[in-house]
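**Student:** I have a structure here, written as structure tokens, and I will follow up with some questions on it.
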Amino acid sequence: MLLPAEKELRTALARFAEARIAHDVLPTGRTSRALEDATYTLCVITGARTAGDALFAADALLQRYRADREGPTQEDKTLAA
């Protein structure tokens, strides 16, 4: 599976959150379509089938990006030596 860029993942998450809130506050046809579209996009870029699975996958990806930025831990450096 191709991994989405962190910026695109964060953008999709923000779009989903905005659509979810707008739909919860005042549900209309427009907010429903926006939520469906944001959910679909999030599912596609995470390779998930449901919004819940997509959010779980997105969280795991964000943890991976964070770990990659922080670099190897002391334990990893010791094992590599």
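Order determines the names: the first chain of the structure tokens is A, the second B, and so forth; residues in each chain are numbered 1 upward, and ligands are numbered 1 upward as they are shown.
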Hey, what's within 10 Å of Tyr65 in chain A if we count only C-alpha atoms and toss same-chain stuff fewer than 6 positions away? As number ranges by chain, please?
**Tutor:** A: 5-6, 59
**Student:** So that I can check the secondary structure, give me every residue of range 37-78 of chain A assigned alpha helix (DSSP H) by backbone DSSP, as a PyMOL selection string.
**Tutor:** chain A and resi 37-46+51-70+74-78
**Student:** Do you have the CA of Leu13 in chain A-CA of Ala38 in chain A distance handy?
**Tutor:**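 These atoms are spaced 8.3 Å apart.
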**Student:** Using Å and a single decimal, report how far CA of Gly52 in chain A sits from CA of Thr39 in chain A.
**Tutor:**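 Answer for the CA of Thr39 in chain A to CA of Gly52 in chain A separation: 9.6 Å.
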**Student:** Please list as number ranges by chain every residue within 12 Å of Arg20 in chain A, counting only C-alpha atoms and excluding residues in the same chain fewer than 5 positions away.
**Tutor:** A: 13-15, 25-28, 30-39, 51
**Student:** When distances are computed from only C-alpha atoms, which of A:Arg69, A:Lys7, A:Arg64, A:Ala54 shows the smallest separation from Thr41 in chain A?
**Tutor:**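 Using only C-alpha atoms, Thr41 in chain A sits closest to A:Ala54.
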**Student:** Between CA of Arg49 in chain A and CA of Asp68 in chain A, measure the distance and give it in Å to one decimal.
**Tutor:**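 It comes out at 26.2 Å.
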**Student:** Which residue gives the smallest distance to Ala12 in chain A among A:Arg66, A:Ala48, A:Asp24, A:Leu55, with only C-alpha atoms counted?
**Tutor:**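 The shortest atom-to-atom distance to Ala12 in chain A comes from A:Leu55.
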**Student:** Which is closest to Leu2 in chain A among A:Val44, A:Ala60, A:Ala67, A:Ala19, if we use only C-alpha atoms?
**Tutor:** A:Val44
**Student:** Give the answer as one residue: which of A:Ala17, A:Gly29, A:Pro72, A:Thr46 has the shortest atom-to-atom distance to Pro4 in chain A, using only C-alpha atoms?
**Tutor:**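 When distances to Pro4 in chain A are compared using only C-alpha atoms, the smallest one comes from A:Thr46.
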